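Enquirer: Dropping in run21.tsv, which is TSV, C-alpha atoms:
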chain	number	residue	atom	x	y	z
A	1	MET	CA	-0.95	28.56	20.13
A	2	THR	CA	-1.81	30.26	23.41
A	3	ASP	CA	-2.49	28.52	26.72
A	4	ASN	CA	-6.16	29.52	26.50
A	5	GLU	CA	-6.48	28.07	23.01
A	6	ILE	CA	-4.92	24.81	24.21
A	7	LYS	CA	-7.31	24.68	27.19
A	8	GLU	CA	-10.26	25.27	24.84
A	9	LEU	CA	-9.23	22.37	22.60
A	10	ILE	CA	-8.77	20.09	25.61
A	11	SER	CA	-12.19	21.11	26.91
A	12	ARG	CA	-13.79	20.28	23.56
A	13	GLY	CA	-12.14	16.89	23.56
A	14	ARG	CA	-13.36	16.11	27.08
A	15	ASN	CA	-16.88	17.19	26.21
A	16	PHE	CA	-16.84	14.90	23.18
A	17	MET	CA	-16.19	11.97	25.54
A	18	LYS	CA	-19.19	12.86	27.74
A	19	MET	CA	-22.78	11.91	27.09
A	20	PRO	CA	-24.76	14.88	25.68
A	21	SER	CA	-26.77	15.35	28.89
A	22	GLU	CA	-23.53	15.78	30.85
A	23	MET	CA	-22.09	18.45	28.55
A	24	GLU	CA	-22.03	22.10	29.55
A	25	GLU	CA	-24.14	22.88	26.49
A	26	ALA	CA	-26.31	19.87	25.75
A	27	PRO	CA	-27.02	19.94	21.99
A	28	VAL	CA	-30.64	18.84	22.29
A	29	GLU	CA	-33.35	19.84	24.76
A	30	GLY	CA	-35.99	17.45	23.47
A	31	GLY	CA	-37.98	16.39	20.46
A	32	TYR	CA	-34.99	15.03	18.57
A	33	MET	CA	-35.55	11.78	16.66
A	34	THR	CA	-33.07	9.63	14.82
A	35	ASP	CA	-33.59	8.55	11.22
A	36	GLN	CA	-34.44	5.06	12.44
A	37	THR	CA	-37.22	6.49	14.63
A	38	LEU	CA	-38.39	8.55	11.67
A	39	ARG	CA	-38.52	5.30	9.66
A	40	LYS	CA	-36.08	6.50	7.01
A	41	PRO	CA	-34.46	3.77	4.89
A	42	GLN	CA	-31.70	1.87	6.62
A	43	PRO	CA	-28.23	2.21	5.08
A	44	PRO	CA	-26.79	-0.97	3.54
A	45	LEU	CA	-25.05	-3.38	5.90
A	46	PHE	CA	-22.12	-3.74	3.51
A	47	LYS	CA	-20.34	-1.48	1.09
A	48	ALA	CA	-21.01	-2.34	-2.55
A	49	PRO	CA	-18.08	-3.82	-4.49
A	50	MET	CA	-15.74	-1.15	-5.85
A	51	GLY	CA	-15.28	-2.95	-9.15
A	52	GLY	CA	-11.85	-4.51	-8.81
A	53	GLU	CA	-10.64	-8.08	-9.23
A	54	VAL	CA	-12.06	-10.26	-6.44
A	55	PHE	CA	-10.09	-12.88	-4.48
A	56	LYS	CA	-12.00	-15.40	-2.36
A	57	LEU	CA	-10.17	-15.97	0.92
A	58	PRO	CA	-9.50	-19.43	2.40
A	59	ASP	CA	-11.12	-20.27	5.74
A	60	ASN	CA	-9.50	-23.53	6.87
A	61	TYR	CA	-8.25	-21.86	10.04
A	62	ARG	CA	-7.85	-25.14	11.93
A	63	ASP	CA	-4.84	-25.80	9.71
A	64	LEU	CA	-3.03	-22.82	11.24
A	65	PRO	CA	-0.56	-23.39	14.10
A	66	LEU	CA	-2.66	-21.30	16.49
A	67	LYS	CA	-1.79	-20.95	20.14
A	68	LYS	CA	-4.63	-22.35	22.23
A	69	ASP	CA	-3.74	-21.03	25.70
A	70	ILE	CA	-5.67	-17.76	26.11
A	71	LEU	CA	-3.58	-16.78	29.13
A	72	GLU	CA	-0.39	-17.08	27.10
A	73	ILE	CA	-1.95	-15.15	24.21
A	74	LEU	CA	-3.03	-12.30	26.46
A	75	TYR	CA	0.27	-12.25	28.33
A	76	LYS	CA	2.30	-12.03	25.12
A	77	ARG	CA	0.04	-9.46	23.46
A	78	LYS	CA	2.05	-6.31	22.83
A	79	SER	CA	2.75	-3.68	20.20
A	80	SER	CA	5.40	-4.68	17.66
A	81	ARG	CA	7.12	-2.23	15.32
A	82	VAL	CA	10.04	-4.35	14.07
A	83	TYR	CA	9.23	-6.86	11.33
A	84	THR	CA	11.39	-9.57	9.76
A	85	GLU	CA	9.90	-9.11	6.27
A	86	GLU	CA	9.35	-12.84	5.80
A	87	LYS	CA	6.35	-13.64	3.62
A	88	MET	CA	2.97	-13.88	5.34
A	89	GLY	CA	0.59	-16.66	4.33
A	90	LEU	CA	-2.74	-15.87	2.69
A	91	LEU	CA	-4.52	-18.07	5.23
A	92	GLU	CA	-2.94	-16.05	8.03
A	93	LEU	CA	-4.23	-12.81	6.53
A	94	SER	CA	-7.64	-14.36	6.00
A	95	TYR	CA	-7.75	-15.36	9.67
A	96	LEU	CA	-6.86	-11.83	10.81
A	97	LEU	CA	-9.60	-10.34	8.63
A	98	TRP	CA	-12.20	-12.81	9.89
A	99	ALA	CA	-11.13	-12.29	13.52
A	100	THR	CA	-11.61	-8.52	13.23
A	101	GLN	CA	-14.57	-8.08	10.85
A	102	GLY	CA	-15.91	-11.57	10.12
A	103	VAL	CA	-19.67	-12.04	9.72
A	104	LYS	CA	-21.15	-14.89	11.77
A	105	SER	CA	-24.81	-14.29	10.93
A	106	ILE	CA	-27.34	-11.68	9.83
A	107	ARG	CA	-30.08	-10.68	12.26
A	108	GLY	CA	-33.63	-10.10	11.03
A	109	ASN	CA	-34.39	-9.06	7.47
A	110	ASN	CA	-30.92	-7.66	6.79
A	111	TYR	CA	-31.27	-5.49	9.91
A	112	ALA	CA	-27.81	-6.12	11.39
A	113	THR	CA	-24.76	-8.34	11.19
A	114	LEU	CA	-23.42	-10.33	14.12
A	115	ARG	CA	-19.65	-10.38	13.83
A	116	THR	CA	-16.54	-11.50	15.64
A	117	VAL	CA	-16.31	-8.10	17.38
A	118	ALA	CA	-18.77	-6.17	19.50
A	119	CYS	CA	-20.37	-2.99	18.13
A	120	GLY	CA	-23.09	-0.68	19.48
A	121	GLY	CA	-26.43	-1.72	18.01
A	122	ALA	CA	-24.54	-4.12	15.72
A	123	ARG	CA	-24.17	-1.21	13.30
A	124	HIS	CA	-20.61	-2.12	12.29
A	125	GLU	CA	-19.97	1.21	10.64
A	126	PHE	CA	-16.41	0.29	9.70
A	127	GLU	CA	-14.75	-0.94	6.53
A	128	CYS	CA	-11.31	-2.52	6.30
A	129	TYR	CA	-8.76	-1.70	3.61
A	130	LEU	CA	-5.30	-3.16	3.14
A	131	ALA	CA	-1.97	-1.98	1.82
A	132	VAL	CA	-0.46	-5.35	0.91
A	133	ASN	CA	3.34	-5.50	0.75
A	134	ASN	CA	4.34	-9.12	1.18
A	135	VAL	CA	1.54	-11.67	1.33
A	136	GLU	CA	1.55	-15.04	-0.40
A	137	GLY	CA	-0.70	-15.15	-3.47
A	138	LEU	CA	-1.54	-11.42	-3.53
A	139	LYS	CA	-0.18	-8.70	-5.76
A	140	SER	CA	1.34	-5.68	-4.04
A	141	GLY	CA	-1.24	-2.94	-3.86
A	142	TYR	CA	-4.42	-1.66	-2.25
A	143	TYR	CA	-7.39	-3.87	-1.36
A	144	HIS	CA	-10.86	-3.68	0.17
A	145	TYR	CA	-12.16	-6.46	2.42
A	146	MET	CA	-15.74	-7.58	1.68
A	147	PRO	CA	-16.88	-9.33	4.90
A	148	ASP	CA	-20.19	-10.58	3.49
A	149	ARG	CA	-18.25	-12.58	0.88
A	150	HIS	CA	-15.08	-13.05	2.93
A	151	SER	CA	-13.20	-11.84	-0.11
A	152	LEU	CA	-10.72	-9.16	-1.10
A	153	GLU	CA	-11.11	-6.87	-4.08
A	154	LEU	CA	-8.13	-5.21	-5.67
A	155	ILE	CA	-8.43	-1.41	-5.79
A	156	GLU	CA	-5.05	-0.68	-7.32
A	157	GLU	CA	-1.98	-2.76	-8.05
A	158	LYS	CA	1.18	-0.90	-7.05
A	159	GLU	CA	4.67	-2.28	-6.69
A	160	ASP	CA	6.17	0.17	-4.18
A	161	LEU	CA	3.87	1.31	-1.36
A	162	SER	CA	6.54	2.68	0.96
A	163	LYS	CA	6.09	6.38	0.16
A	164	ASP	CA	2.29	6.25	0.45
A	165	ILE	CA	2.45	4.33	3.73
A	166	SER	CA	4.98	6.74	5.19
A	167	ILE	CA	2.99	9.85	4.22
A	168	SER	CA	-0.33	8.40	5.36
A	169	LEU	CA	1.09	7.36	8.75
A	170	CYS	CA	2.81	10.65	9.55
A	171	GLU	CA	6.30	9.47	8.58
A	172	GLN	CA	6.26	6.46	10.92
A	173	ASN	CA	8.70	4.73	8.61
A	174	TRP	CA	8.93	1.49	10.58
A	175	ALA	CA	5.48	0.65	9.18
A	176	LYS	CA	6.88	0.36	5.65
A	177	LYS	CA	8.38	-3.04	6.53
A	178	ALA	CA	5.04	-4.53	7.55
A	179	ASN	CA	3.65	-7.36	5.42
A	180	VAL	CA	0.32	-5.58	5.33
A	181	VAL	CA	-1.12	-2.40	6.79
A	182	PHE	CA	-4.75	-2.52	7.91
A	183	TYR	CA	-6.54	0.80	7.34
A	184	TYR	CA	-9.97	1.20	8.94
A	185	SER	CA	-12.56	3.59	7.57
A	186	VAL	CA	-15.82	4.71	9.09
A	187	ILE	CA	-19.11	5.20	7.25
A	188	PRO	CA	-20.73	7.47	9.86
A	189	TYR	CA	-24.32	7.24	8.64
A	190	ARG	CA	-24.51	3.52	9.43
A	191	ALA	CA	-24.39	4.51	13.11
A	192	GLU	CA	-26.05	7.92	12.73
A	193	TRP	CA	-29.16	6.29	11.22
A	194	ARG	CA	-29.84	4.61	14.56
A	195	TYR	CA	-28.08	6.78	17.15
A	196	GLY	CA	-28.00	10.19	15.46
A	197	ILE	CA	-26.07	12.82	17.42
A	198	TRP	CA	-25.04	10.23	20.02
A	199	SER	CA	-23.34	7.89	17.54
A	200	HIS	CA	-19.81	9.25	17.16
A	201	ARG	CA	-18.51	8.76	20.69
A	202	VAL	CA	-19.72	5.16	20.73
A	203	ALA	CA	-18.29	4.48	17.26
A	204	LEU	CA	-14.78	5.32	18.41
A	205	ILE	CA	-15.19	3.04	21.42
A	206	ASP	CA	-16.25	0.24	19.06
A	207	ALA	CA	-13.18	0.80	16.90
A	208	GLY	CA	-11.06	-0.33	19.83
A	209	HIS	CA	-12.82	-3.69	19.83
A	210	ILE	CA	-11.58	-4.29	16.28
A	211	THR	CA	-7.92	-3.59	16.93
A	212	GLN	CA	-7.94	-5.52	20.20
A	213	ASN	CA	-9.15	-8.57	18.28
A	214	LEU	CA	-6.37	-7.90	15.78
A	215	TYR	CA	-3.80	-7.85	18.58
A	216	ILE	CA	-5.12	-11.11	20.03
A	217	ALA	CA	-5.32	-12.83	16.65
A	218	CYS	CA	-1.78	-11.71	15.81
A	219	SER	CA	-0.53	-12.95	19.18
A	220	SER	CA	-2.11	-16.35	18.55
A	221	LEU	CA	-0.10	-16.62	15.30
A	222	ASN	CA	3.16	-15.07	16.54
A	223	LEU	CA	2.66	-12.06	14.29
A	224	GLY	CA	3.11	-8.46	15.38
A	225	THR	CA	0.96	-5.37	15.10
A	226	CYS	CA	0.73	-1.85	16.47
A	227	ALA	CA	-2.47	0.20	16.25
A	228	ILE	CA	-1.92	3.76	15.00
A	229	ALA	CA	-4.14	6.77	15.55
A	230	ALA	CA	-1.55	9.26	14.23
A	231	LEU	CA	-2.37	9.27	10.53
A	232	GLU	CA	-3.19	11.71	7.77
A	233	THR	CA	-6.87	11.14	7.02
A	234	PRO	CA	-6.95	12.86	3.59
A	235	ALA	CA	-3.86	11.01	2.32
A	236	SER	CA	-5.06	7.68	3.73
A	237	SER	CA	-8.55	8.08	2.28
A	238	GLU	CA	-7.17	9.02	-1.12
A	239	MET	CA	-5.12	5.81	-1.22
A	240	PHE	CA	-8.35	3.81	-1.24
A	241	LYS	CA	-10.41	6.19	-3.39
A	242	LEU	CA	-12.72	7.28	-0.56
A	243	ASP	CA	-14.66	10.56	-0.68
A	244	GLY	CA	-13.33	11.74	2.70
A	245	GLU	CA	-16.76	12.81	4.01
A	246	GLU	CA	-19.27	9.97	3.86
A	247	GLU	CA	-16.39	7.54	4.34
A	248	PHE	CA	-12.86	8.22	5.55
A	249	ILE	CA	-9.88	6.46	7.13
A	250	PHE	CA	-9.35	7.15	10.84
A	251	TYR	CA	-7.32	4.21	12.22
A	252	ALA	CA	-4.52	1.93	11.02
A	253	ALA	CA	-2.50	-1.08	12.15
A	254	PRO	CA	0.62	-2.44	10.40
A	255	VAL	CA	1.01	-6.22	10.73
A	256	GLY	CA	4.17	-8.20	10.12
A	257	THR	CA	6.23	-11.27	10.90
A	258	ILE	CA	8.31	-10.91	14.04
A	259	SER	CA	11.20	-12.61	15.84
A	260	GLU	CA	12.43	-12.59	19.42
A	261	ASP	CA	15.89	-11.92	17.97
A	262	ASN	CA	14.73	-8.37	17.27
A	263	GLN	CA	13.76	-7.56	20.85
A	264	GLU	CA	16.71	-5.22	21.34
A	265	GLU	CA	15.67	-3.19	18.30
A	266	GLU	CA	12.09	-3.22	19.56
A	267	ASP	CA	13.23	-1.94	22.97
A	268	ALA	CA	14.98	0.95	21.24
A	269	PHE	CA	11.58	2.57	20.69
A	270	TYR	CA	11.43	3.05	24.45
A	271	ALA	CA	15.02	4.23	24.93
A	272	PHE	CA	13.73	7.62	26.06
A	273	LEU	CA	12.52	5.98	29.29
A	274	LYS	CA	16.10	5.13	30.24
A	275	GLU	CA	17.30	8.62	29.40
A	276	GLU	CA	14.84	10.38	31.68
Let me see the file written as structure tokens.

Expert:
Amino acid sequence: MTDNEIKELISRGRNFMKMPSEMEEAPVEGGYMTDQTLRKPQPPLFKAPMGGEVFKLPDNYRDLPLKKDILEILYKRKSSRVYTEEKMGLLELSYLLWATQGVKSIRGNNYATLRTVACGGARHEFECYLAVNNVEGLKSGYYHYMPDRHSLELIEEKEDLSKDISISLCEQNWAKKANVVFYYSVIPYRAEWRYGIWSHRVALIDAGHITQNLYIACSSLNLGTCAIAALETPASSEMFKLDGEEEFIFYAAPVGTISEDNQEEEDAFYAFLKEE
């Protein structure tokens, strides 16, 4: 790749982060209307069940040994890539799902959901899928979270997920020891219906709200996570039987049990800083 080609790709990326009116070639001069303005039917707030076995999740979160000091939670929030492989409780997983995608109420006549995370226009164009390795009460395999029912549905039972996880996460093999890997998909039209050509930049900003809640929720339970943008979208989407166009995986976060005894191994990920 030449220097000019690299500069062109960087320029495209920077323009994507700008509002359309600030771009060198604004895509619309005027007269553009979104599908919401055109009064086209609104897309569903939730994805329909995929047809697998459904597991209702517990919600007695007050029984969890949660840290209450928000300063301590924020101070200890960090990325964790070394997991002890102890079993994770189903209630713990349920709490993490509710903290990141939980529905608190529905606004209007099924117009929007108010959730535990912020999202532009309350469009919540994301779905959450799980590669479950080691969680109490759940078979190893692939699941879809249904936030309107606070339930999981089994997509595929599979005993060994290590190869799929490694391939989907660009050979980041440390993730294979996670109790569960959260995979986030986007259904673009949920946001495009309201915001049209301006939706995609905001959607990626909103995705950060989800993983930040995941970090905070994990910190409150002494669990570890590390958000991952380096993934293979086709391989990840195929794991959960997604079409790859109207819905596709774009973000992931392994979650696992952690111990302070593993801090030296955790620090090894940053050994290059000492070598420079």

Enquirer: Considering all atoms listed in the file, can you say which of A:Arg115, A:His144, A:Arg194, A:Lys158 comes closest to His209 of chain A?

Expert: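 The answer is A:Arg115, which sits nearest to His209 of chain A.
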
Enquirer: Using all atoms listed in the file, can you tell me which of A:Thr233, A:Ser80, A:Asn213, A:Asn262 comes closest to Gln101 of chain A?

Expert: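 Nearest candidate to Gln101 of chain A out of A:Thr233, A:Ser80, A:Asn213, A:Asn262: A:Asn213.
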
Enquirer: Need to verify the contact set: Glu247 of chain A, 7 Å, all atoms listed in the file, exclusion of same-chain residues closer than 5 positions in sequence. Can you return it as a VMD selection string?

Expert: chain A and resid 185 to 187 242

Enquirer: Find the residue from A:Met88, A:Leu45, A:Val181, A:Met1 that sits nearest to Asn222 of chain A; use all atoms listed in the file when measuring.

Expert: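 Among the listed residues, A:Met88 lies closest to Asn222 of chain A.
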
Enquirer: If you count all atoms listed in the file, which residues fall within 12 Å of Leu204 of chain A, apart from same-chain ones fewer than 2 positions away, as a list in words?

Expert: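 That gives Phe16, Met17, Cys119, Gly120, His124, Glu125, Phe126, Tyr184, Ser185, Val186, Ile187, Pro188, Ala191, Trp198, Ser199, His200, Arg201, Val202, Asp206, Ala207, Gly208, His209, Ile210, Thr211, Ala229, Phe250 and Tyr251 of chain A.
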
Enquirer: Which of these residues is nearest to Ser79 of chain A, using all atoms listed in the file: A:Leu231, A:Ala268, A:Cys226, A:Val135?

Expert: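 Of the candidates, the smallest distance to Ser79 of chain A is held by A:Cys226.
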
Enquirer: Between atom CA of Lys40 of chain A and atom CA of Tyr145 of chain A, what is the distance in Å, rounded to a tenth?

Expert: 27.6 Å

Enquirer: Just the number, please: distance in Å from atom CA of Ile258 of chain A to atom CA of Thr84 of chain A, one decimal.

Expert: 5.4 Å

Enquirer: Determine the nearest neighbour of Glu238 of chain A from the options A:Leu273, A:Leu221, A:Val255, A:Ile167, counting all atoms listed in the file.

Expert: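 Of all the options, A:Ile167 lies closest to Glu238 of chain A.
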
Enquirer: Pick from A:Ser140, A:Ala203, A:Lys177, A:Ala99: nearest to Glu159 of chain A, with all atoms listed in the file counted?

Expert: A:Ser140

Enquirer: Do you have the atom CA of Arg39 of chain A-atom CA of Gly108 of chain A distance handy?

Expert: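 Here the two named atoms are 16.2 Å from each other.
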
Enquirer: Show me, as a JSON list (two decimals) with C-alpha atoms, in the frame of the given file, the residues that have an atom within 12 Å of Lys163 of chain A when counting all atoms listed in the file, minus same-chain residues fewer than 3 positions from it.

Expert:
[["chain", "number", "residue", "atom", "x", "y", "z"],
["A", 131, "ALA", "CA", -1.97, -1.98, 1.82],
["A", 158, "LYS", "CA", 1.18, -0.90, -7.05],
["A", 159, "GLU", "CA", 4.67, -2.28, -6.69],
["A", 160, "ASP", "CA", 6.17, 0.17, -4.18],
["A", 166, "SER", "CA", 4.98, 6.74, 5.19],
["A", 167, "ILE", "CA", 2.99, 9.85, 4.22],
["A", 168, "SER", "CA", -0.33, 8.40, 5.36],
["A", 169, "LEU", "CA", 1.09, 7.36, 8.75],
["A", 170, "CYS", "CA", 2.81, 10.65, 9.55],
["A", 171, "GLU", "CA", 6.30, 9.47, 8.58],
["A", 172, "GLN", "CA", 6.26, 6.46, 10.92],
["A", 173, "ASN", "CA", 8.70, 4.73, 8.61],
["A", 174, "TRP", "CA", 8.93, 1.49, 10.58],
["A", 175, "ALA", "CA", 5.48, 0.65, 9.18],
["A", 176, "LYS", "CA", 6.88, 0.36, 5.65],
["A", 177, "LYS", "CA", 8.38, -3.04, 6.53],
["A", 235, "ALA", "CA", -3.86, 11.01, 2.32],
["A", 236, "SER", "CA", -5.06, 7.68, 3.73],
["A", 239, "MET", "CA", -5.12, 5.81, -1.22]]
